[in-house]
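To be precise, the following lines are input29.cif, and they hold mmCIF, C-alpha atoms.
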```
data_coords
loop_
_atom_site.label_atom_id
_atom_site.label_comp_id
_atom_site.auth_asym_id
_atom_site.auth_seq_id
_atom_site.Cartn_x
_atom_site.Cartn_y
_atom_site.Cartn_z
CA MET A 403 108.15 126.73 66.86
CA GLY A 404 111.23 126.44 64.62
CA LEU A 405 113.59 124.91 67.12
CA SER A 406 113.70 121.23 67.93
CA GLU A 407 113.01 119.91 71.40
CA TYR A 408 116.68 119.54 72.21
CA GLU A 409 117.81 122.75 70.55
CA ARG A 410 115.43 124.65 72.78
CA LEU A 411 116.72 122.79 75.79
CA ALA A 412 120.33 123.35 74.76
CA ALA A 413 119.69 127.07 74.43
CA ARG A 414 118.37 127.20 77.97
CA GLU A 415 120.51 124.79 79.93
CA GLY A 416 124.13 125.46 80.57
CA LEU A 417 126.51 122.87 81.94
CA GLN A 418 125.39 122.41 85.50
CA THR A 419 126.79 120.47 88.38
CA LEU A 420 124.35 117.86 89.51
CA HIS A 421 123.51 117.27 93.11
CA ALA A 422 121.74 114.03 94.00
CA ALA A 423 120.52 113.96 97.61
CA ASN A 424 121.33 110.35 98.54
CA LEU A 425 124.18 108.95 96.45
CA ALA A 426 127.04 110.27 94.35
CA THR A 427 126.61 110.29 90.57
CA VAL A 428 129.43 110.32 87.99
CA ASP A 429 130.59 113.85 87.21
CA GLU A 430 132.13 114.25 83.79
CA ARG A 431 135.23 115.99 85.13
CA THR A 432 136.22 112.93 87.15
CA ALA A 433 134.72 110.27 84.86
CA SER A 434 136.75 107.43 83.36
CA PRO A 435 137.63 107.60 79.63
CA GLU A 436 134.97 104.94 78.98
CA VAL A 437 132.24 107.03 80.62
CA LYS A 438 133.47 110.24 78.92
CA ARG A 439 133.16 108.48 75.57
CA LEU A 440 129.58 107.40 76.34
CA TYR A 441 128.65 110.94 77.50
CA ASP A 442 130.10 112.29 74.24
CA GLU A 443 128.11 109.77 72.23
CA PHE A 444 124.98 110.89 74.03
CA ARG A 445 125.67 114.55 73.30
CA GLN A 446 126.28 113.87 69.63
CA GLY A 447 123.23 111.64 69.30
CA PHE A 448 120.83 113.92 71.15
CA GLY A 449 122.32 117.40 70.62
CA ARG A 450 122.26 118.31 74.30
CA PRO A 451 125.16 119.90 76.18
CA GLN A 452 124.03 118.53 79.54
CA VAL A 453 124.18 114.79 80.22
CA PRO A 454 120.89 114.05 82.05
CA GLY A 455 121.13 113.12 85.71
CA ILE A 456 119.75 109.64 85.23
CA LEU A 457 122.63 108.84 82.86
CA GLN A 458 125.07 110.13 85.49
CA CYS A 459 123.52 107.52 87.83
CA PHE A 460 123.81 104.67 85.30
CA ALA A 461 127.43 105.72 84.66
CA THR A 462 128.42 104.25 88.04
CA HIS A 463 128.30 101.00 86.03
CA PRO A 464 129.47 101.88 82.48
CA PRO A 465 128.07 98.79 80.67
CA LEU A 466 124.69 99.66 82.22
CA LEU A 467 124.94 103.19 80.80
CA GLU A 468 125.88 101.84 77.38
CA HIS A 469 123.01 99.36 77.16
CA MET A 470 120.40 101.64 78.79
CA LEU A 471 121.21 104.18 76.06
CA GLY A 472 120.64 101.33 73.61
CA VAL A 473 117.26 100.47 75.12
CA ALA A 474 116.23 104.13 75.17
CA LYS A 475 117.14 104.58 71.49
CA GLU A 476 115.24 101.45 70.51
CA MET A 477 112.13 101.82 72.66
CA LEU A 478 111.66 105.40 73.90
CA PHE A 479 113.15 107.90 71.49
CA VAL A 480 111.55 106.40 68.38
CA ASP A 481 107.98 106.57 67.12
CA GLY A 482 107.43 102.81 66.87
CA ALA A 483 103.73 101.91 66.69
CA LEU A 484 102.66 104.09 69.63
CA GLY A 485 104.31 107.38 68.65
CA ARG A 486 106.62 109.65 70.63
CA GLN A 487 103.85 111.77 72.12
CA ASN A 488 102.01 108.78 73.58
CA LYS A 489 105.26 107.34 74.92
CA GLU A 490 106.08 110.63 76.66
CA LEU A 491 102.50 110.76 77.99
CA ILE A 492 102.95 107.32 79.59
CA SER A 493 106.44 108.20 80.86
CA ALA A 494 105.28 111.39 82.58
CA PHE A 495 102.19 109.74 84.07
CA VAL A 496 103.98 106.65 85.42
CA SER A 497 106.71 108.85 86.90
CA ALA A 498 104.12 111.05 88.60
CA SER A 499 102.40 107.91 89.96
CA ASN A 500 105.72 106.68 91.35
CA ARG A 501 106.40 110.13 92.84
CA CYS A 502 109.56 110.55 90.79
CA ALA A 503 109.79 114.34 90.45
CA TYR A 504 112.85 114.28 88.18
CA CYS A 505 111.40 111.89 85.56
CA ALA A 506 107.88 113.35 85.78
CA ASP A 507 109.28 116.81 85.01
CA SER A 508 111.58 115.82 82.18
CA HIS A 509 108.98 113.67 80.42
CA ALA A 510 106.17 116.18 80.99
CA TYR A 511 108.48 118.67 79.25
CA SER A 512 109.15 116.20 76.41
CA PHE A 513 105.40 115.55 76.10
CA ARG A 514 104.87 119.30 75.60
CA MET A 515 107.69 119.36 73.04
CA GLN A 516 105.94 116.53 71.18
CA GLY A 517 102.82 118.66 70.88
CA GLY A 518 101.03 117.69 74.10
CA GLY A 519 98.75 120.37 75.57
CA LYS A 520 99.32 122.43 78.72
CA ASP A 521 96.05 121.29 80.33
CA ALA A 522 96.75 117.66 79.47
CA VAL A 523 100.17 117.79 81.07
CA GLU A 524 98.72 119.30 84.24
CA ALA A 525 96.13 116.53 84.47
CA VAL A 526 98.77 113.87 83.88
CA LEU A 527 101.06 115.25 86.59
CA ALA A 528 98.11 115.36 89.00
CA CYS A 529 97.26 111.75 87.98
CA ASP A 530 93.77 113.01 87.09
CA LEU A 531 92.73 110.59 84.39
CA GLY A 532 89.11 111.77 84.30
CA SER A 533 90.16 115.21 83.01
CA ASP A 534 88.58 116.41 79.75
CA ALA A 535 92.04 117.58 78.69
CA ILE A 536 93.02 113.95 78.05
CA ALA A 537 91.37 112.38 74.99
CA PRO A 538 89.33 109.21 75.65
CA PRO A 539 91.76 106.72 74.00
CA GLN A 540 94.63 108.26 75.99
CA GLN A 541 92.57 108.00 79.18
CA VAL A 542 92.23 104.26 78.55
CA LEU A 543 95.94 104.04 77.72
CA LEU A 544 96.87 105.70 81.02
CA GLN A 545 94.40 103.60 83.04
CA PHE A 546 96.14 100.58 81.56
CA ALA A 547 99.57 102.04 82.43
CA ARG A 548 98.30 102.65 85.97
CA LYS A 549 97.28 99.01 86.32
CA VAL A 550 100.63 97.78 84.96
CA THR A 551 102.36 100.12 87.42
CA GLU A 552 100.34 99.44 90.56
CA SER A 553 98.80 95.98 90.21
CA SER A 554 100.28 94.21 87.22
CA GLN A 555 99.51 90.84 88.82
CA GLU A 556 95.83 91.57 88.13
CA ILE A 557 96.21 92.23 84.40
CA THR A 558 94.14 89.83 82.32
CA GLU A 559 93.10 89.24 78.72
CA ALA A 560 90.10 91.52 79.43
CA ASP A 561 92.47 94.48 79.85
CA MET A 562 93.80 93.82 76.34
CA ASP A 563 90.22 93.87 75.02
CA THR A 564 89.53 97.17 76.78
CA MET A 565 92.56 98.65 75.01
CA ARG A 566 91.60 97.13 71.64
CA THR A 567 88.02 98.41 71.91
CA VAL A 568 89.22 102.04 71.83
CA GLY A 569 91.51 101.31 68.89
CA TRP A 570 94.93 100.34 70.26
CA SER A 571 96.66 97.56 68.27
CA ASP A 572 98.49 94.62 69.81
CA LEU A 573 101.82 96.19 68.84
CA GLN A 574 100.84 99.48 70.48
CA ILE A 575 99.74 97.64 73.63
CA ALA A 576 103.05 95.73 73.73
CA GLU A 577 104.97 99.01 73.47
CA ALA A 578 102.80 100.60 76.17
CA ILE A 579 103.61 97.72 78.54
CA HIS A 580 107.30 98.01 77.72
CA VAL A 581 107.50 101.77 78.27
CA THR A 582 105.48 101.56 81.51
CA ALA A 583 107.72 98.79 82.81
CA LEU A 584 110.90 100.71 81.91
CA PHE A 585 109.72 103.62 84.05
CA ALA A 586 109.10 101.30 86.98
CA SER A 587 112.85 100.77 86.76
CA PHE A 588 114.04 104.32 85.90
CA ASN A 589 111.92 105.94 88.63
CA ARG A 590 113.37 103.64 91.28
CA VAL A 591 116.96 104.34 90.27
CA VAL A 592 116.35 108.10 90.24
CA ASN A 593 114.50 108.10 93.58
CA ALA A 594 117.14 105.94 95.24
CA PHE A 595 119.87 108.37 94.13
CA GLY A 596 117.65 111.30 95.10
CA LEU A 597 117.80 113.37 91.90
CA PRO A 598 115.80 116.60 92.18
CA SER A 599 113.52 117.92 89.44
CA GLN A 600 115.29 120.02 86.83
CA GLU A 601 112.15 122.22 86.57
CA LEU A 602 112.27 122.00 82.78
CA LEU A 603 108.50 122.19 82.48
CA HIS A 604 108.12 125.14 84.85
CA ASN A 605 110.84 127.12 83.09
CA TYR A 606 109.32 126.35 79.70
CA GLU A 607 105.80 127.40 80.72
CA GLN A 608 107.15 130.65 82.18
CA GLU A 609 108.99 131.36 78.97
CA GLU A 610 105.85 130.62 76.97
CA ALA A 611 103.82 132.94 79.18
CA VAL A 612 106.29 135.79 78.58
CA HIS A 613 106.96 135.31 74.86
CA GLY A 614 103.72 133.67 73.75
CA GLY A 615 103.30 130.12 72.46
CA MET B 585 95.87 80.75 80.30
CA VAL B 586 96.56 77.14 79.42
CA GLY B 587 97.72 76.75 75.86
CA GLU B 588 98.67 80.39 75.41
CA HIS B 589 102.09 81.79 76.24
CA ILE B 590 101.10 85.47 76.26
CA PHE B 591 97.99 87.67 75.92
CA LEU B 592 98.77 89.48 72.67
CA GLY B 593 98.08 87.13 69.77
CA GLU B 594 99.69 89.34 67.13
CA ILE B 595 102.92 89.54 69.11
CA LYS B 596 102.99 85.80 69.65
CA ALA B 597 102.31 85.11 65.97
CA ASP B 598 105.13 87.33 64.71
CA PRO B 599 108.44 86.74 66.49
CA LYS B 600 111.06 89.02 64.88
CA PRO B 601 114.26 87.34 63.58
CA GLY B 602 116.89 86.89 66.27
CA PRO B 603 117.97 84.57 69.06
CA PHE B 604 114.54 84.44 70.73
CA ALA B 605 112.67 83.54 67.54
CA ASP B 606 115.33 80.85 66.97
CA ALA B 607 114.81 79.50 70.49
CA ILE B 608 111.03 79.40 70.02
CA HIS B 609 111.33 77.59 66.68
CA ALA B 610 113.77 75.09 68.17
CA ALA B 611 111.45 74.41 71.14
CA ASN B 612 108.41 74.09 68.87
CA GLY B 613 110.37 71.55 66.83
CA THR B 614 110.89 69.34 69.86
CA GLY B 615 107.47 69.93 71.42
CA LEU B 616 109.17 70.83 74.74
CA GLU B 617 107.76 73.39 77.14
CA TYR B 618 109.53 76.73 76.71
CA TRP B 619 109.86 80.12 78.37
CA GLY B 620 106.89 82.36 77.42
CA ILE B 621 109.16 85.33 78.03
CA TRP B 622 110.86 84.46 74.73
CA ASN B 623 107.69 85.58 72.92
CA ILE B 624 107.84 89.07 74.41
CA LEU B 625 111.62 89.34 73.98
CA ALA B 626 111.16 88.43 70.30
CA PHE B 627 108.82 91.38 69.75
CA HIS B 628 111.72 93.85 69.67
CA PRO B 629 115.04 91.97 69.31
CA MET B 630 117.33 95.02 69.50
CA ALA B 631 115.76 96.35 72.72
CA SER B 632 115.94 92.79 74.08
CA TYR B 633 119.59 92.49 73.07
CA HIS B 634 120.48 95.55 75.18
CA LEU B 635 118.27 94.37 78.07
CA CYS B 636 119.89 90.95 78.15
CA GLU B 637 123.37 92.44 78.01
CA LEU B 638 122.73 94.86 80.85
CA SER B 639 120.99 92.13 82.86
CA HIS B 640 124.03 89.93 82.40
CA GLU B 641 126.34 92.72 83.58
CA LEU B 642 124.22 93.56 86.61
CA MET B 643 123.26 90.06 87.69
CA HIS B 644 125.92 87.60 86.59
CA LYS B 645 129.31 89.34 86.47
CA GLU B 646 131.56 89.58 89.53
CA GLY B 647 130.49 92.35 91.90
CA PRO B 648 130.49 93.49 95.52
CA ILE B 649 127.26 91.51 96.11
CA SER B 650 127.49 87.80 95.23
CA ALA B 651 125.53 86.63 92.18
CA ALA B 652 123.61 84.32 94.53
CA LEU B 653 122.44 87.23 96.70
CA ARG B 654 121.60 89.33 93.64
CA GLU B 655 119.38 86.46 92.46
CA VAL B 656 117.74 86.43 95.88
CA ILE B 657 117.06 90.17 95.44
CA ALA B 658 115.50 89.35 92.04
CA ALA B 659 113.31 86.59 93.46
CA TYR B 660 112.31 88.68 96.51
CA THR B 661 111.45 91.75 94.39
CA SER B 662 109.37 89.48 92.16
CA SER B 663 107.56 87.95 95.12
CA LEU B 664 106.70 91.45 96.44
CA ASN B 665 105.26 92.28 93.01
CA GLN B 666 103.45 88.92 92.95
CA CYS B 667 105.18 87.92 89.73
CA ASP B 668 105.29 84.15 90.14
CA PHE B 669 107.09 83.55 86.86
CA CYS B 670 110.12 85.71 87.80
CA ARG B 671 109.93 84.62 91.44
CA ASN B 672 110.13 80.92 90.56
CA ALA B 673 112.72 81.44 87.84
CA HIS B 674 115.12 83.45 90.02
CA ALA B 675 114.50 81.36 93.12
CA ALA B 676 115.69 78.47 90.96
CA VAL B 677 118.79 80.39 89.85
CA ALA B 678 119.56 81.41 93.45
CA THR B 679 119.07 77.86 94.65
CA HIS B 680 121.59 76.59 92.10
CA LEU B 681 124.10 79.28 93.09
CA TYR B 682 123.69 78.73 96.85
CA SER B 683 123.10 74.95 96.59
CA HIS B 684 120.62 75.58 99.42
CA ARG B 685 116.87 75.51 98.63
CA ASP B 686 115.70 76.05 102.23
CA LEU B 687 117.63 79.31 102.50
CA VAL B 688 116.01 80.78 99.38
CA GLU B 689 112.50 79.59 100.26
CA GLY B 690 112.99 80.97 103.78
CA VAL B 691 113.83 84.42 102.41
CA LEU B 692 110.79 84.39 100.16
CA ARG B 693 108.54 83.48 103.09
CA ASP B 694 110.00 86.25 105.27
CA PRO B 695 113.55 87.63 105.11
CA GLU B 696 113.45 88.63 108.80
CA THR B 697 113.11 85.03 110.00
CA SER B 698 115.37 83.59 107.28
CA ALA B 699 118.87 82.21 107.67
CA LEU B 700 120.40 85.34 106.11
CA ALA B 701 122.92 87.42 108.07
CA GLU B 702 121.73 90.71 109.58
CA LYS B 703 123.69 92.66 106.97
CA GLU B 704 121.79 90.89 104.20
CA LYS B 705 118.46 91.38 105.93
CA ALA B 706 119.15 95.13 106.02
CA LEU B 707 119.63 95.02 102.25
CA LEU B 708 116.31 93.25 101.72
CA ARG B 709 114.49 95.81 103.92
CA PHE B 710 115.73 98.46 101.53
CA ILE B 711 114.66 96.37 98.50
CA ARG B 712 111.18 96.04 99.99
CA ARG B 713 110.82 99.80 100.40
CA LEU B 714 112.22 100.60 96.96
CA THR B 715 109.81 98.10 95.38
CA LEU B 716 106.62 98.90 97.28
CA GLU B 717 107.10 102.58 98.15
CA PRO B 718 109.43 103.98 95.50
CA GLY B 719 108.57 107.57 96.34
CA THR B 720 109.75 107.41 99.95
CA ILE B 721 113.51 106.78 99.76
CA THR B 722 115.61 109.30 101.69
CA GLN B 723 119.20 109.67 102.83
CA GLN B 724 118.23 107.85 106.03
CA HIS B 725 117.53 104.62 104.11
CA ILE B 726 120.88 104.76 102.34
CA GLU B 727 122.53 105.50 105.69
CA ALA B 728 120.96 102.33 107.15
CA LEU B 729 122.71 100.32 104.43
CA THR B 730 126.04 102.02 105.12
CA GLN B 731 125.60 101.30 108.84
CA ALA B 732 124.95 97.64 108.02
CA GLY B 733 128.34 97.51 106.29
CA TRP B 734 127.52 98.03 102.60
CA GLY B 735 129.75 100.31 100.55
CA GLU B 736 128.52 102.52 97.71
CA PRO B 737 129.34 100.04 94.89
CA ALA B 738 127.20 97.39 96.61
CA ILE B 739 124.36 99.88 97.19
CA TYR B 740 124.39 100.83 93.50
CA ASP B 741 124.21 97.18 92.48
CA ALA B 742 121.34 96.43 94.87
CA ILE B 743 119.39 99.39 93.46
CA TYR B 744 120.00 98.25 89.89
CA ALA B 745 119.01 94.63 90.57
CA CYS B 746 115.82 95.75 92.31
CA ALA B 747 114.97 98.30 89.61
CA LEU B 748 115.65 95.74 86.88
CA PHE B 749 113.18 93.26 88.35
CA ASN B 750 110.57 95.94 88.89
CA TYR B 751 110.85 96.29 85.12
CA TYR B 752 110.82 92.56 84.31
CA ASN B 753 107.90 91.82 86.65
CA ARG B 754 105.65 94.33 84.88
CA PHE B 755 106.88 93.25 81.44
CA VAL B 756 106.05 89.62 82.28
CA LEU B 757 102.75 90.19 84.14
CA GLY B 758 101.50 92.86 81.74
CA ASN B 759 101.95 90.44 78.85
CA GLY B 760 100.53 87.43 80.69
CA VAL B 761 103.59 85.21 80.44
CA ARG B 762 102.37 81.88 81.75
CA LEU B 763 104.06 79.71 84.35
CA VAL B 764 105.99 76.61 83.37
CA SER B 765 106.39 73.37 85.31
CA ASP B 766 108.75 73.21 88.30
CA ARG B 767 110.98 70.89 86.29
CA VAL B 768 111.37 73.50 83.56
CA PHE B 769 112.00 76.31 86.08
CA ASP B 770 114.73 74.16 87.57
CA ARG B 771 116.28 73.38 84.20
CA PHE B 772 116.35 77.03 83.07
CA GLY B 773 117.46 78.13 86.54
CA ALA B 774 120.44 75.81 86.33
CA ARG B 775 121.29 77.20 82.90
CA MET B 776 121.10 80.85 84.01
CA ALA B 777 123.17 80.09 87.11
CA ARG B 778 125.85 78.72 84.82
CA VAL B 779 125.86 81.02 81.77
CA GLY B 780 123.91 84.11 82.84
CA TYR B 781 121.57 86.29 80.79
CA SER B 782 123.53 87.22 77.70
CA ARG B 783 122.59 85.83 74.31
CA GLU B 784 125.76 87.51 73.02
CA GLN B 785 124.73 87.79 69.37
CA PRO B 786 122.78 90.90 68.44
CA PRO B 787 120.03 90.23 65.89
CA PRO B 788 121.53 89.80 62.38
CA GLY B 789 122.55 92.98 60.58
CA GLN B 790 120.96 95.36 63.06
CA MET B 791 123.82 96.68 65.14
CA GLY B 792 124.29 100.41 64.88
CA THR B 793 120.97 101.13 63.20
CA ALA B 794 118.63 103.60 64.86
CA HIS B 795 115.59 101.39 64.66
CA ALA B 796 114.95 97.78 63.70
#
```

What is this structure when it is put down as structure tokens?
Amino acid sequence: MGLSEYERLAAREGLQTLHAANLATVDERTASPEVKRLYDEFRQGFGRPQVPGILQCFATHPPLLEHMLGVAKEMLFVDGALGRQNKELISAFVSASNRCAYCADSHAYSFRMQGGGKDAVEAVLACDLGSDAIAPPQQVLLQFARKVTESSQEITEADMDTMRTVGWSDLQIAEAIHVTALFASFNRVVNAFGLPSQELLHNYEQEEAVHGG
Amino acid sequence: MVGEHIFLGEIKADPKPGPFADAIHAANGTGLEYWGIWNILAFHPMASYHLCELSHELMHKEGPISAALREVIAAYTSSLNQCDFCRNAHAAVATHLYSHRDLVEGVLRDPETSALAEKEKALLRFIRRLTLEPGTITQQHIEALTQAGWGEPAIYDAIYACALFNYYNRFVLGNGVRLVSDRVFDRFGARMARVGYSREQPPPGQMGTAHA
């Protein structure tokens, strides 16, 4: 592939004006010096020209933006015990379950960039956990993420054993809970602001179809 | 769940150095009941540092919605998600901030019949929808808040408080954080009402590193 996830994205995305349907986000041109500094830090850290829409939501409250970037660096954009691909898998699936088109798209795209398959990503976005395209341990991982998302009050010790039986460690389970819970929060912020999908996945798949994978 | 603070034995057995491990060791030294949430916060101290700081900013600092009402949002969100730990903890904080237990309990039974003003009830209707049906928010629901008299800064803060507790509820329930006695909820509620969420100190020697 040659190019990194964010280099590919940078090559494709220009600086765009964001339009959230329900509430105003913080545009860089009118942002305070504090927010401009945090946007710059993001760009330097992640090598992307465009500040993602969700960060332009958080920027309405600059300390929130600062510390959410901290949480993301510590928990999402690192391998940890679970690995980036599994974290993106959970992120895309939970976002699809919560009907958050923006997050589902951007994390489905990141899942592909982390080596996830085209068929797997389609199954995840359709919330089809029985699909053969998803490996058995990942099916169990996503069933667990579904329960944490939709009925976390029913989680018991037995759910931990189900995860352990297919090979997930306690540390991996703890990270899976954390990532799933973070998306319960991110998806609600994004949906309340009304951010539309950036169609990153669609554009990528079209490009792949034209130029070959 | 008696006798265990959380489900994951390896996480409980290995609190990483930082303020939450210190708090656990101090509590173990006295034999007092302590917050099980400390065990899951101690599993990744740098992520927890950022979470506590942003929680403190969103929930405790001055804002267009009073800290008391933000705590009611936290307790109500938690009750909708059936997270009794967060519900009881933040009902206790709200009760200390309002000095009015009946008001808080009334909201948690049913906001519509509670002693809240109509403007506040409108806010909790929105919180209910955002918590239970996160994929259905439209401009019309934001407009209802504006009509009720809330400005954009207040709407942002309500969204963040609700979203934050949708996170905490799953973090707590997913890990099986056990309930504590009413006396302990009250004691920690009084403390949070007074000092907020921040632990201030990042874990030793870890600021500015990519990964702990």

Interface rows for chain B against chain A: nearest pair, Å to one decimal, 6 Å, all atoms listed in the file, as CSV:
```
residue,atom,partner,partner_atom,distance
B:Phe591,CA,A:Glu559,CA,5.8
B:Leu592,CA,A:Asp572,CA,5.9
B:Ala631,CA,A:Val473,CA,5.0
B:His634,CA,A:His469,CA,5.0
B:Leu638,CA,A:Leu466,CA,5.4
B:Pro718,CA,A:Arg590,CA,5.8
B:Gly719,CA,A:Arg501,CA,4.8
B:Ile721,CA,A:Ala594,CA,5.9
B:Gln723,CA,A:Asn424,CA,4.8
B:Ala747,CA,A:Ser587,CA,4.3
B:Leu748,CA,A:Ser587,CA,5.8
B:Asn750,CA,A:Ser587,CA,5.8
B:Tyr751,CA,A:Ala583,CA,4.6
B:Arg754,CA,A:Ala583,CA,5.3
B:Phe755,CA,A:Ala583,CA,5.8
B:Leu757,CA,A:Ser554,CA,5.6
B:Gly758,CA,A:Ser554,CA,5.8
B:His795,CA,A:Glu476,CA,5.9
```

**OP:** Determine, counting all atoms listed in the file, which protein, DNA and RNA residues have an atom within 12 Å of an atom of Leu708 of chain B; residues of the same chain fewer than 4 positions away are not included. Present the result as a PyMOL selection string.
**Re:** chain B and resi 653-661+664+691-692+694-696+698+700-704+712-715+725+728-729+732+739+742-743+745-746

**OP:** Evaluate the PyMOL selection byres ((chain B and resi 603) around 12) here and jot the selected residues down as a ChimeraX atom specification.
**Re:** /B:599-602,604-610,622-623,625-630,632-633,636,782-788

Original post:
In Å, how far is it from atom CA of Val688 of chain B to atom CA of Ala673 of chain B?
Top reply: 12.0 Å

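Taking atom CA of Asp534 of chain A and atom CA of Gly518 of chain A as endpoints, the distance between them is 13.7 Å.
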
On this structure, which residues satisfy the PyMOL selection byres ((chain A and resi 458) around 9), written as a PDB file with C-alpha atoms, keeping the file's coordinate frame?
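Written file, expr-v9.pdb:
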```
ATOM      1  CA  LEU A 420     124.350 117.860  89.510  1.00  0.00           C
ATOM      2  CA  THR A 427     126.610 110.290  90.570  1.00  0.00           C
ATOM      3  CA  VAL A 428     129.430 110.320  87.990  1.00  0.00           C
ATOM      4  CA  ASP A 429     130.590 113.850  87.210  1.00  0.00           C
ATOM      5  CA  GLU A 430     132.130 114.250  83.790  1.00  0.00           C
ATOM      6  CA  TYR A 441     128.650 110.940  77.500  1.00  0.00           C
ATOM      7  CA  VAL A 453     124.180 114.790  80.220  1.00  0.00           C
ATOM      8  CA  PRO A 454     120.890 114.050  82.050  1.00  0.00           C
ATOM      9  CA  GLY A 455     121.130 113.120  85.710  1.00  0.00           C
ATOM     10  CA  ILE A 456     119.750 109.640  85.230  1.00  0.00           C
ATOM     11  CA  LEU A 457     122.630 108.840  82.860  1.00  0.00           C
ATOM     12  CA  CYS A 459     123.520 107.520  87.830  1.00  0.00           C
ATOM     13  CA  PHE A 460     123.810 104.670  85.300  1.00  0.00           C
ATOM     14  CA  ALA A 461     127.430 105.720  84.660  1.00  0.00           C
ATOM     15  CA  THR A 462     128.420 104.250  88.040  1.00  0.00           C
ATOM     16  CA  LEU A 467     124.940 103.190  80.800  1.00  0.00           C
TER      17      LEU A 467
END
```

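In this comparison, which uses all atoms listed in the file, the residue of A:Arg439, A:Leu484, A:Arg548, A:Leu543 approaching Thr564 of chain A most closely is A:Leu543.
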
**OP:** Name every residue that the PyMOL selection byres ((chain A and resi 522) around 9) selects in this structure, writing the answer as number ranges by chain with chains first and numbers rising.
**Re:** A: 518-521, 523-527, 533-537
